[in-house]
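Peer 1: If it helps, the file is called protein19.cif and holds mmCIF, C-alpha atoms and all ligand atoms:
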data_upload
#
loop_
_atom_site.group_PDB
_atom_site.id
_atom_site.type_symbol
_atom_site.label_atom_id
_atom_site.label_comp_id
_atom_site.auth_asym_id
_atom_site.auth_seq_id
_atom_site.Cartn_x
_atom_site.Cartn_y
_atom_site.Cartn_z
ATOM 1 C CA MET A 1 11.886 -9.579 29.458
ATOM 2 C CA THR A 2 9.939 -9.217 26.229
ATOM 3 C CA PRO A 3 11.185 -6.762 23.623
ATOM 4 C CA GLN A 4 8.064 -4.705 24.314
ATOM 5 C CA LEU A 5 8.861 -4.466 28.044
ATOM 6 C CA SER A 6 12.513 -3.702 27.565
ATOM 7 C CA ARG A 7 11.610 -1.040 25.087
ATOM 8 C CA ARG A 8 9.186 0.575 27.528
ATOM 9 C CA GLY A 9 11.707 0.373 30.339
ATOM 10 C CA LEU A 10 14.359 2.041 28.293
ATOM 11 C CA LEU A 11 12.033 4.699 27.008
ATOM 12 C CA GLY A 12 11.722 5.892 30.581
ATOM 13 C CA PHE A 13 15.217 7.322 30.548
ATOM 14 C CA GLY A 14 15.314 7.477 26.790
ATOM 15 C CA GLY A 15 12.960 10.418 26.724
ATOM 16 C CA ILE A 16 15.678 12.742 27.895
ATOM 17 C CA ALA A 17 18.641 10.960 26.375
ATOM 18 C CA ALA A 18 16.999 10.667 22.980
ATOM 19 C CA GLY A 19 15.959 14.288 23.084
ATOM 20 C CA GLY A 20 19.552 15.295 23.653
ATOM 21 C CA LEU A 21 20.785 12.965 20.969
ATOM 22 C CA LEU A 22 18.325 14.295 18.471
ATOM 23 C CA LEU A 23 19.177 17.889 19.149
ATOM 24 C CA SER A 24 22.895 17.343 18.969
ATOM 25 C CA GLY A 25 23.140 14.647 16.343
ATOM 26 C CA CYS A 26 20.328 15.272 13.972
ATOM 27 C CA ASP A 27 19.527 18.867 13.248
ATOM 28 C CA GLN A 28 16.874 17.898 10.751
ATOM 29 C CA LEU A 29 14.741 16.666 13.645
ATOM 30 C CA ALA A 30 15.215 19.715 15.783
ATOM 31 C CA THR A 31 13.467 22.337 13.719
ATOM 32 C CA ASN A 32 9.864 23.256 14.206
ATOM 33 C CA ASP A 33 8.278 21.427 11.285
ATOM 34 C CA LYS A 34 6.213 18.282 10.793
ATOM 35 C CA LEU A 35 9.049 15.947 11.710
ATOM 36 C CA GLY A 36 9.936 17.971 14.780
ATOM 37 C CA LYS A 37 6.321 17.880 15.977
ATOM 38 C CA ILE A 38 6.161 14.133 15.491
ATOM 39 C CA VAL A 39 9.385 13.619 17.403
ATOM 40 C CA ARG A 40 7.840 15.412 20.396
ATOM 41 C CA SER A 41 4.497 13.569 20.155
ATOM 42 C CA ALA A 42 3.275 10.122 21.227
ATOM 43 C CA GLU A 43 3.815 8.900 17.683
ATOM 44 C CA GLY A 44 7.373 10.028 18.182
ATOM 45 C CA ALA A 45 8.020 7.410 20.882
ATOM 46 C CA THR A 46 8.984 4.733 18.369
ATOM 47 C CA LEU A 47 10.877 7.233 16.278
ATOM 48 C CA ARG A 48 12.835 8.382 19.336
ATOM 49 C CA TRP A 49 13.396 4.779 20.368
ATOM 50 C CA GLN A 50 14.723 3.813 16.967
ATOM 51 C CA ARG A 51 16.963 6.841 16.774
ATOM 52 C CA LEU A 52 18.244 6.073 20.303
ATOM 53 C CA VAL A 53 19.066 2.487 19.363
ATOM 54 C CA GLY A 54 20.973 3.981 16.483
ATOM 55 C CA ARG A 55 20.222 5.307 13.074
ATOM 56 C CA ASP A 56 21.231 1.929 11.711
ATOM 57 C CA GLY A 57 19.526 -0.309 14.315
ATOM 58 C CA LEU A 58 18.374 -3.262 12.247
ATOM 59 C CA ALA A 59 14.954 -4.835 12.102
ATOM 60 C CA ARG A 60 15.158 -8.530 12.942
ATOM 61 C CA GLU A 61 16.198 -10.781 10.078
ATOM 62 C CA PHE A 62 15.128 -14.412 9.760
ATOM 63 C CA THR A 63 16.356 -17.557 8.018
ATOM 64 C CA ALA A 64 14.957 -19.298 4.943
ATOM 65 C CA ALA A 65 13.336 -21.847 7.264
ATOM 66 C CA ASP A 66 11.215 -19.076 8.790
ATOM 67 C CA MET A 67 9.706 -17.919 5.515
ATOM 68 C CA SER A 68 5.899 -17.962 5.388
ATOM 69 C CA PRO A 69 4.472 -20.566 2.994
ATOM 70 C CA VAL A 70 1.858 -17.995 2.008
ATOM 71 C CA PHE A 71 2.501 -14.266 1.868
ATOM 72 C CA LYS A 72 -0.809 -12.502 1.418
ATOM 73 C CA VAL A 73 -1.280 -9.882 -1.287
ATOM 74 C CA ASN A 74 -2.887 -6.854 0.327
ATOM 75 C CA GLY A 75 -4.174 -3.472 -0.788
ATOM 76 C CA THR A 76 -4.000 -3.166 -4.554
ATOM 77 C CA HIS A 77 -3.650 -6.549 -6.255
ATOM 78 C CA GLU A 78 -3.102 -5.107 -9.730
ATOM 79 C CA PRO A 79 -3.191 -1.449 -10.769
ATOM 80 C CA MET A 80 -5.716 -1.123 -13.618
ATOM 81 C CA GLU A 81 -4.407 2.235 -14.876
ATOM 82 C CA ALA A 82 -3.704 2.079 -18.632
ATOM 83 C CA GLU A 83 -0.088 3.160 -18.276
ATOM 84 C CA TYR A 84 0.667 0.429 -15.756
ATOM 85 C CA GLN A 85 -1.193 -2.185 -17.784
ATOM 86 C CA ALA A 86 0.924 -1.277 -20.834
ATOM 87 C CA HIS A 87 4.086 -1.836 -18.786
ATOM 88 C CA VAL A 88 2.802 -5.233 -17.613
ATOM 89 C CA ALA A 89 2.044 -6.215 -21.221
ATOM 90 C CA GLU A 90 5.630 -5.314 -22.183
ATOM 91 C CA ASN A 91 7.106 -6.999 -19.123
ATOM 92 C CA PHE A 92 8.346 -3.575 -17.956
ATOM 93 C CA VAL A 93 11.011 -3.285 -20.688
ATOM 94 C CA ASN A 94 10.077 0.344 -21.373
ATOM 95 C CA TRP A 95 9.414 1.234 -17.743
ATOM 96 C CA LYS A 96 11.746 3.816 -16.216
ATOM 97 C CA LEU A 97 12.152 4.899 -12.622
ATOM 98 C CA ALA A 98 12.802 8.621 -12.307
ATOM 99 C CA ILE A 99 14.728 9.920 -9.309
ATOM 100 C CA ALA A 100 14.036 13.612 -9.325
ATOM 101 C CA GLY A 101 13.436 16.679 -7.194
ATOM 102 C CA LEU A 102 16.226 18.073 -5.010
ATOM 103 C CA VAL A 103 19.054 16.177 -6.674
ATOM 104 C CA ASN A 104 22.033 17.420 -8.654
ATOM 105 C CA ASN A 105 21.982 14.363 -10.877
ATOM 106 C CA PRO A 106 18.404 13.366 -11.808
ATOM 107 C CA MET A 107 18.279 9.755 -12.943
ATOM 108 C CA SER A 108 16.072 7.595 -15.097
ATOM 109 C CA LEU A 109 16.683 3.908 -14.484
ATOM 110 C CA SER A 110 15.393 0.884 -16.361
ATOM 111 C CA LEU A 111 14.490 -2.309 -14.553
ATOM 112 C CA ALA A 112 17.640 -3.843 -16.052
ATOM 113 C CA ASP A 113 19.693 -0.979 -14.563
ATOM 114 C CA ILE A 114 18.154 -1.595 -11.136
ATOM 115 C CA ARG A 115 18.674 -5.355 -11.380
ATOM 116 C CA ALA A 116 22.336 -4.809 -12.284
ATOM 117 C CA MET A 117 23.043 -2.779 -9.149
ATOM 118 C CA PRO A 118 24.672 -4.310 -6.070
ATOM 119 C CA ALA A 119 21.784 -5.687 -4.044
ATOM 120 C CA ARG A 120 20.936 -6.531 -0.464
ATOM 121 C CA THR A 121 18.880 -9.626 0.359
ATOM 122 C CA GLN A 122 16.962 -9.713 3.633
ATOM 123 C CA ILE A 123 14.393 -12.028 5.213
ATOM 124 C CA THR A 124 12.086 -9.929 7.341
ATOM 125 C CA ARG A 125 8.641 -9.887 8.873
ATOM 126 C CA HIS A 126 5.993 -7.700 7.304
ATOM 127 C CA ASP A 127 3.395 -6.457 9.805
ATOM 128 C CA CYS A 128 0.111 -5.090 8.476
ATOM 129 C CA VAL A 129 -2.099 -2.915 10.667
ATOM 130 C CA GLU A 130 -4.992 -5.141 9.664
ATOM 131 C CA GLY A 131 -3.559 -7.773 11.983
ATOM 132 C CA TRP A 132 -1.541 -10.185 9.880
ATOM 133 C CA SER A 133 2.183 -10.746 9.438
ATOM 134 C CA ALA A 134 4.296 -12.715 6.999
ATOM 135 C CA ILE A 135 7.995 -13.440 6.645
ATOM 136 C CA GLY A 136 9.466 -13.041 3.195
ATOM 137 C CA GLN A 137 12.782 -12.552 1.444
ATOM 138 C CA TRP A 138 13.440 -9.335 -0.432
ATOM 139 C CA THR A 139 16.267 -8.392 -2.815
ATOM 140 C CA GLY A 140 17.192 -5.064 -4.331
ATOM 141 C CA PRO A 141 19.602 -2.132 -4.191
ATOM 142 C CA GLN A 142 19.682 0.008 -1.083
ATOM 143 C CA LEU A 143 17.786 3.248 -1.585
ATOM 144 C CA GLY A 144 20.793 5.041 -0.107
ATOM 145 C CA LEU A 145 22.934 3.863 -3.008
ATOM 146 C CA LEU A 146 20.514 5.374 -5.507
ATOM 147 C CA LEU A 147 20.278 8.604 -3.535
ATOM 148 C CA LYS A 148 24.052 8.888 -3.359
ATOM 149 C CA ALA A 149 24.234 8.462 -7.128
ATOM 150 C CA ALA A 150 21.545 11.124 -7.555
ATOM 151 C CA ASN A 151 23.561 13.455 -5.296
ATOM 152 C CA MET A 152 20.984 15.158 -3.121
ATOM 153 C CA LYS A 153 20.921 18.905 -2.569
ATOM 154 C CA THR A 154 21.516 20.134 0.973
ATOM 155 C CA ASN A 155 17.885 21.199 1.505
ATOM 156 C CA ALA A 156 16.586 17.640 0.919
ATOM 157 C CA ARG A 157 14.535 16.373 3.884
ATOM 158 C CA TYR A 158 12.213 13.603 2.703
ATOM 159 C CA VAL A 159 11.975 10.982 -0.005
ATOM 160 C CA VAL A 160 8.566 10.427 -1.616
ATOM 161 C CA PHE A 161 7.557 7.243 -3.451
ATOM 162 C CA ARG A 162 4.905 7.747 -6.147
ATOM 163 C CA CYS A 163 2.932 4.609 -6.986
ATOM 164 C CA ALA A 164 0.951 3.470 -10.027
ATOM 165 C CA ASP A 165 -2.356 2.698 -8.333
ATOM 166 C CA ASN A 166 -5.252 5.043 -7.751
ATOM 167 C CA TYR A 167 -8.045 4.070 -5.362
ATOM 168 C CA GLY A 168 -10.313 6.611 -7.041
ATOM 169 C CA GLY A 169 -12.078 7.676 -3.867
ATOM 170 C CA GLU A 170 -13.182 4.138 -2.967
ATOM 171 C CA LEU A 171 -15.039 4.318 0.355
ATOM 172 C CA SER A 172 -13.598 1.063 1.705
ATOM 173 C CA LYS A 173 -10.168 2.630 1.179
ATOM 174 C CA GLY A 174 -10.831 5.748 3.200
ATOM 175 C CA GLY A 175 -12.721 7.701 0.563
ATOM 176 C CA ALA A 176 -11.769 10.590 -1.658
ATOM 177 C CA GLN A 177 -9.243 13.046 -0.308
ATOM 178 C CA SER A 178 -7.254 15.530 -2.337
ATOM 179 C CA THR A 179 -5.733 12.672 -4.316
ATOM 180 C CA SER A 180 -6.303 8.945 -4.416
ATOM 181 C CA ILE A 181 -2.966 7.909 -5.875
ATOM 182 C CA TYR A 182 -1.032 5.723 -3.456
ATOM 183 C CA TYR A 183 2.164 7.341 -2.227
ATOM 184 C CA GLU A 184 4.480 7.129 0.753
ATOM 185 C CA SER A 185 7.433 8.993 2.229
ATOM 186 C CA VAL A 186 10.301 8.650 4.701
ATOM 187 C CA ASP A 187 12.834 10.954 6.298
ATOM 188 C CA LEU A 188 16.493 10.757 5.318
ATOM 189 C CA VAL A 189 17.437 8.525 8.256
ATOM 190 C CA ASP A 190 15.067 5.815 7.047
ATOM 191 C CA ALA A 191 15.952 6.535 3.415
ATOM 192 C CA PHE A 192 19.615 5.738 4.165
ATOM 193 C CA HIS A 193 18.899 2.885 6.588
ATOM 194 C CA PRO A 194 20.776 -0.235 5.399
ATOM 195 C CA GLN A 195 17.560 -2.300 5.250
ATOM 196 C CA THR A 196 15.697 0.261 3.138
ATOM 197 C CA ILE A 197 15.795 -1.302 -0.302
ATOM 198 C CA LEU A 198 14.072 -0.976 -3.626
ATOM 199 C CA ALA A 199 13.032 -4.609 -3.962
ATOM 200 C CA HIS A 200 12.883 -6.089 -7.447
ATOM 201 C CA SER A 201 12.703 -9.687 -6.203
ATOM 202 C CA MET A 202 10.760 -11.560 -3.556
ATOM 203 C CA ASN A 203 11.557 -15.062 -2.311
ATOM 204 C CA GLY A 204 14.174 -15.397 -5.055
ATOM 205 C CA ALA A 205 11.877 -14.614 -7.996
ATOM 206 C CA PRO A 206 11.094 -11.369 -9.832
ATOM 207 C CA LEU A 207 8.459 -9.390 -7.936
ATOM 208 C CA SER A 208 4.950 -10.429 -8.983
ATOM 209 C CA VAL A 209 2.301 -7.871 -9.902
ATOM 210 C CA GLY A 210 0.433 -8.674 -6.700
ATOM 211 C CA HIS A 211 3.444 -7.845 -4.546
ATOM 212 C CA GLY A 212 4.311 -4.633 -6.386
ATOM 213 C CA ALA A 213 6.119 -5.219 -9.706
ATOM 214 C CA PRO A 214 8.383 -3.951 -11.036
ATOM 215 C CA VAL A 215 9.787 -2.524 -7.772
ATOM 216 C CA ARG A 216 8.460 -1.871 -4.281
ATOM 217 C CA MET A 217 9.922 -0.388 -1.142
ATOM 218 C CA ARG A 218 11.038 -2.377 1.884
ATOM 219 C CA ILE A 219 11.423 -0.097 4.899
ATOM 220 C CA GLU A 220 11.821 -2.751 7.506
ATOM 221 C CA ARG A 221 11.420 -0.801 10.730
ATOM 222 C CA GLN A 222 7.955 0.365 9.744
ATOM 223 C CA LEU A 223 4.501 -1.130 9.179
ATOM 224 C CA GLY A 224 3.014 -2.626 6.032
ATOM 225 C CA TYR A 225 1.437 0.478 4.566
ATOM 226 C CA LYS A 226 4.859 2.176 4.329
ATOM 227 C CA GLN A 227 6.020 -0.618 1.971
ATOM 228 C CA ALA A 228 4.967 1.170 -1.227
ATOM 229 C CA LYS A 229 4.305 -1.164 -4.146
ATOM 230 C CA TYR A 230 4.352 -0.228 -7.869
ATOM 231 C CA VAL A 231 6.897 2.563 -7.374
ATOM 232 C CA MET A 232 6.864 4.703 -10.522
ATOM 233 C CA GLY A 233 8.923 7.631 -9.308
ATOM 234 C CA ILE A 234 11.048 8.799 -6.401
ATOM 235 C CA ASP A 235 11.073 12.481 -5.464
ATOM 236 C CA VAL A 236 13.579 14.062 -3.096
ATOM 237 C CA VAL A 237 11.837 17.000 -1.428
ATOM 238 C CA ALA A 238 12.125 19.615 1.311
ATOM 239 C CA SER A 239 8.453 19.383 2.306
ATOM 240 C CA LEU A 240 5.595 16.907 1.966
ATOM 241 C CA ASP A 241 3.131 19.690 1.175
ATOM 242 C CA GLY A 242 2.852 19.048 -2.532
ATOM 243 C CA TYR A 243 1.546 15.479 -2.175
ATOM 244 C CA GLY A 244 -2.017 14.427 -1.366
ATOM 245 C CA SER A 245 -3.215 16.230 1.749
ATOM 246 C CA GLY A 246 0.382 16.805 2.808
ATOM 247 C CA LYS A 247 0.560 14.145 5.526
ATOM 248 C CA GLY A 248 3.151 12.056 3.713
ATOM 249 C CA GLY A 249 1.165 9.089 2.458
ATOM 250 C CA TYR A 250 -2.124 7.737 1.173
ATOM 251 C CA TRP A 251 -3.106 6.265 4.544
ATOM 252 C CA GLU A 252 -1.518 9.107 6.490
ATOM 253 C CA ASP A 253 -3.873 11.476 4.644
ATOM 254 C CA ARG A 254 -6.676 9.274 6.024
ATOM 255 C CA GLY A 255 -5.506 9.331 9.634
ATOM 256 C CA TYR A 256 -2.681 6.789 9.969
ATOM 257 C CA GLU A 257 0.596 7.770 11.593
ATOM 258 C CA TRP A 258 3.359 8.957 9.300
ATOM 259 C CA TYR A 259 6.037 7.326 11.456
ATOM 260 C CA ALA A 260 4.717 3.761 11.504
ATOM 261 C CA GLY A 261 7.489 2.272 13.634
ATOM 262 C CA ILE A 262 7.199 -1.387 14.618
HETATM 263 N N1 LIG B 301 1.008 1.051 -4.135
HETATM 264 C C1 LIG B 301 0.529 0.423 -3.059
HETATM 265 N N2 LIG B 301 1.393 0.075 -2.088
HETATM 266 C C2 LIG B 301 0.936 -0.567 -0.990
HETATM 267 C C3 LIG B 301 -0.442 -0.834 -0.794
HETATM 268 C C4 LIG B 301 -1.325 -0.449 -1.838
HETATM 269 O O1 LIG B 301 -2.540 -0.664 -1.777
HETATM 270 N N3 LIG B 301 -0.800 0.191 -2.946
HETATM 271 N N4 LIG B 301 -0.867 -1.442 0.369
HETATM 272 C C5 LIG B 301 0.028 -1.389 1.525
HETATM 273 C C6 LIG B 301 -0.332 -2.294 2.607
HETATM 274 S S1 LIG B 301 -1.529 -1.787 3.694
HETATM 275 C C7 LIG B 301 0.336 -3.465 2.819
HETATM 276 S S2 LIG B 301 0.021 -4.446 4.165
HETATM 277 C C8 LIG B 301 1.348 -3.923 1.871
HETATM 278 C C9 LIG B 301 0.953 -5.276 1.299
HETATM 279 O O2 LIG B 301 1.997 -5.797 0.533
HETATM 280 P P1 LIG B 301 1.831 -7.215 -0.128
HETATM 281 O O3 LIG B 301 0.682 -7.147 -1.109
HETATM 282 O O4 LIG B 301 3.125 -7.536 -0.757
HETATM 283 O O5 LIG B 301 1.465 -8.166 0.994
HETATM 284 O O6 LIG B 301 1.568 -3.041 0.792
HETATM 285 C C10 LIG B 301 1.466 -1.679 1.110
HETATM 286 N N5 LIG B 301 1.856 -0.924 -0.049
HETATM 287 MO MO MO B 302 -1.321 -3.151 5.490
#
Have the structure of the file written as structure tokens, please.
Peer 2:
Amino acid sequence: MTPQLSRRGLLGFGGIAAGGLLLSGCDQLATNDKLGKIVRSAEGATLRWQRLVGRDGLAREFTAADMSPVFKVNGTHEPMEAEYQAHVAENFVNWKLAIAGLVNNPMSLSLADIRAMPARTQITRHDCVEGWSAIGQWTGPQLGLLLKAANMKTNARYVVFRCADNYGGELSKGGAQSTSIYYESVDLVDAFHPQTILAHSMNGAPLSVGHGAPVRMRIERQLGYKQAKYVMGIDVVASLDGYGSGKGGYWEDRGYEWYAGI
């Protein structure tokens, strides 16, 4: 039985079981907001499946022998914004990552701070909606560790990643919407998932500009466009309304699913 088939088979009974689980175990999914609507929609099938398997169900991990000889750079290859370019010129020594919003302990971390944190290393497969995949190794602290240190307020629901690059309304990138700055977001289950890391290294070397220096997200149970590169700030929020068109990400604002489960 292929994973696809077993997943479909299980979803048959999972519809009811997962619904019950969600209502009892995860009150954040039960209310009548964006996340609740997604959970009850077709897009919600993968979300329900992953929550049924367990909040911590892991994406498959591979061995060093499986690593792709070439891992394509996709989307932005190098943000040309002056602020980002200045950080590149200084090798990110003055770059700071702010963790702000609904937290009791807002933080401002240097790249050295992030590199000094306990890290997780994982070899995973990246799947892009454009039809290519690559296996790479990623290292960085778990996002959950950072969020625990920031001490979230009880009304926190989502975590938003603000990136450095701006597509400036480029037509090949979906055109101008309310904002063209790349951003992404996840719910708290994915934010605290053990494989959700703030990667500062790829394949054993510091992250290159092409792959998202100085840090990029790895959210391994979701598709490529969720893997925000060039993360400049992390906001803990109660609603996604204040960002772009409010759909939770650059591509989501242009029609992609917010829950991009693999
Ligand atoms: N900031 C930013 N993050 C981004 C993108 C982007 O253009 N800008 N592209 C996304 C897409 S569609 C993919 S497939 C991956 C590509 O990551 P890679 O360049 O490391 O292969 O990054 C994602 N994260
Ligand atoms: Mo992608």
Peer 1: Residues picked by the PyMOL selection byres (((not hetatm)) within 6 of (chain B and resi 302)) here, as a list of chain:residue names?
Peer 2: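 Output from the PyMOL selection byres (((not hetatm)) within 6 of (chain B and resi 302)), applied to this file: A:Cys128, A:Val129, A:Glu130, A:Gly224, A:Tyr225.
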Peer 1: Might you spell out which residues the PyMOL selection byres (((not hetatm)) within 10 of (chain B and resi 301)) would select in the displayed file, as a PyMOL selection string?
Peer 2: chain A and resi 70-79+126-134+136+161-167+173+181-184+202+207-213+216-218+223-232+250-251
Peer 1: Ranking A:Ile114, A:Leu171, A:Ala238, A:Val159 by minimum distance to Val215 in chain A and counting all atoms listed in the file, which one comes first?
Peer 2: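 Ranked by minimum distance to Val215 in chain A, first place goes to A:Ile114.
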Peer 1: Is there a way to get, as a list of chain:residue names, all residues within 9 Å of the point (16.2, 3.7, 1.5) in file coordinates, counting only C-alpha atoms?
Peer 2: A:Pro141, A:Gln142, A:Leu143, A:Gly144, A:Leu145, A:Leu146, A:Leu147, A:Val159, A:Val186, A:Leu188, A:Val189, A:Asp190, A:Ala191, A:Phe192, A:His193, A:Pro194, A:Gln195, A:Thr196, A:Ile197, A:Leu198, A:Met217, A:Arg218, A:Ile219
Peer 1: Have a look at CA of Trp49 in chain A and CA of Leu35 in chain A and let me know their distance in Å, one decimal.
Peer 2: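 It comes out at 14.8 Å.
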Peer 1: Could you list, as a ChimeraX atom specification, every residue matched by the PyMOL selection byres (((chain A and resi 109) around 10) and not hetatm) in this structure?
Peer 2: /A:95-99,106-108,110-115,146
Peer 1: Mind working out the centre and edge lengths of an axis-aligned box for range 97-103 of chain A, all listed atoms inside, 4 Å added to each side, rounded to one decimal in Å and written as AutoDock Vina command-line options?
Peer 2:
--center_x 15.6 --center_y 11.5 --center_z -8.8 --size_x 14.9 --size_y 21.2 --size_z 15.6
Peer 1: Using all atoms listed in the file, which residue out of A:Pro206, A:Glu81, A:Ile38, A:Tyr158 lies closest to Tyr243 in chain A?
Peer 2: A:Tyr158
Peer 1: Between CA of Gly244 in chain A and CA of Ala100 in chain A, what is the distance, to one decimal in Å?
Peer 2: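 Pair CA of Gly244 in chain A / CA of Ala100 in chain A returns 17.9 Å.
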Peer 1: To one decimal place in Å, what is the distance between CA of Thr46 in chain A and CA of Gly261 in chain A?
Peer 2: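 For CA of Thr46 in chain A relative to CA of Gly261 in chain A, the distance reads 5.5 Å.
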Peer 1: List every protein, DNA or RNA residue that has an atom no more than 7 Å from (16.7, -10.7, 4.3) in the file's coordinate frame, counting all atoms listed in the file, and report them as a list in words.
Peer 2: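 Residues lying no farther than 7 Å from the given point: Glu61, Phe62, Thr121, Gln122, Ile123, Thr124, Gln137 and Trp138 of chain A.
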Peer 1: Could those residues be written to a file, using C-alpha atoms, as a PDB file, in the coordinates of the input?
Peer 2:
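Final output, result16.pdb:
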ATOM      1  CA  GLU A  61      16.198 -10.781  10.078  1.00  0.00           C
ATOM      2  CA  PHE A  62      15.128 -14.412   9.760  1.00  0.00           C
ATOM      3  CA  THR A 121      18.880  -9.626   0.359  1.00  0.00           C
ATOM      4  CA  GLN A 122      16.962  -9.713   3.633  1.00  0.00           C
ATOM      5  CA  ILE A 123      14.393 -12.028   5.213  1.00  0.00           C
ATOM      6  CA  THR A 124      12.086  -9.929   7.341  1.00  0.00           C
ATOM      7  CA  GLN A 137      12.782 -12.552   1.444  1.00  0.00           C
ATOM      8  CA  TRP A 138      13.440  -9.335  -0.432  1.00  0.00           C
TER       9      TRP A 138
END
Peer 1: So, counting all atoms listed in the file, which residue among A:Asp241, A:Ala42, A:Asn203, A:Ser172 is closest to Pro69 in chain A?
Peer 2: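 The closest residue to Pro69 in chain A is A:Asn203.
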Peer 1: Have a look at A:Lys34, A:Lys148, A:Arg157, A:Arg221 and name the one nearest to Gln50 in chain A; count all atoms listed in the file.
Peer 2: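 Closest candidate: A:Arg221.
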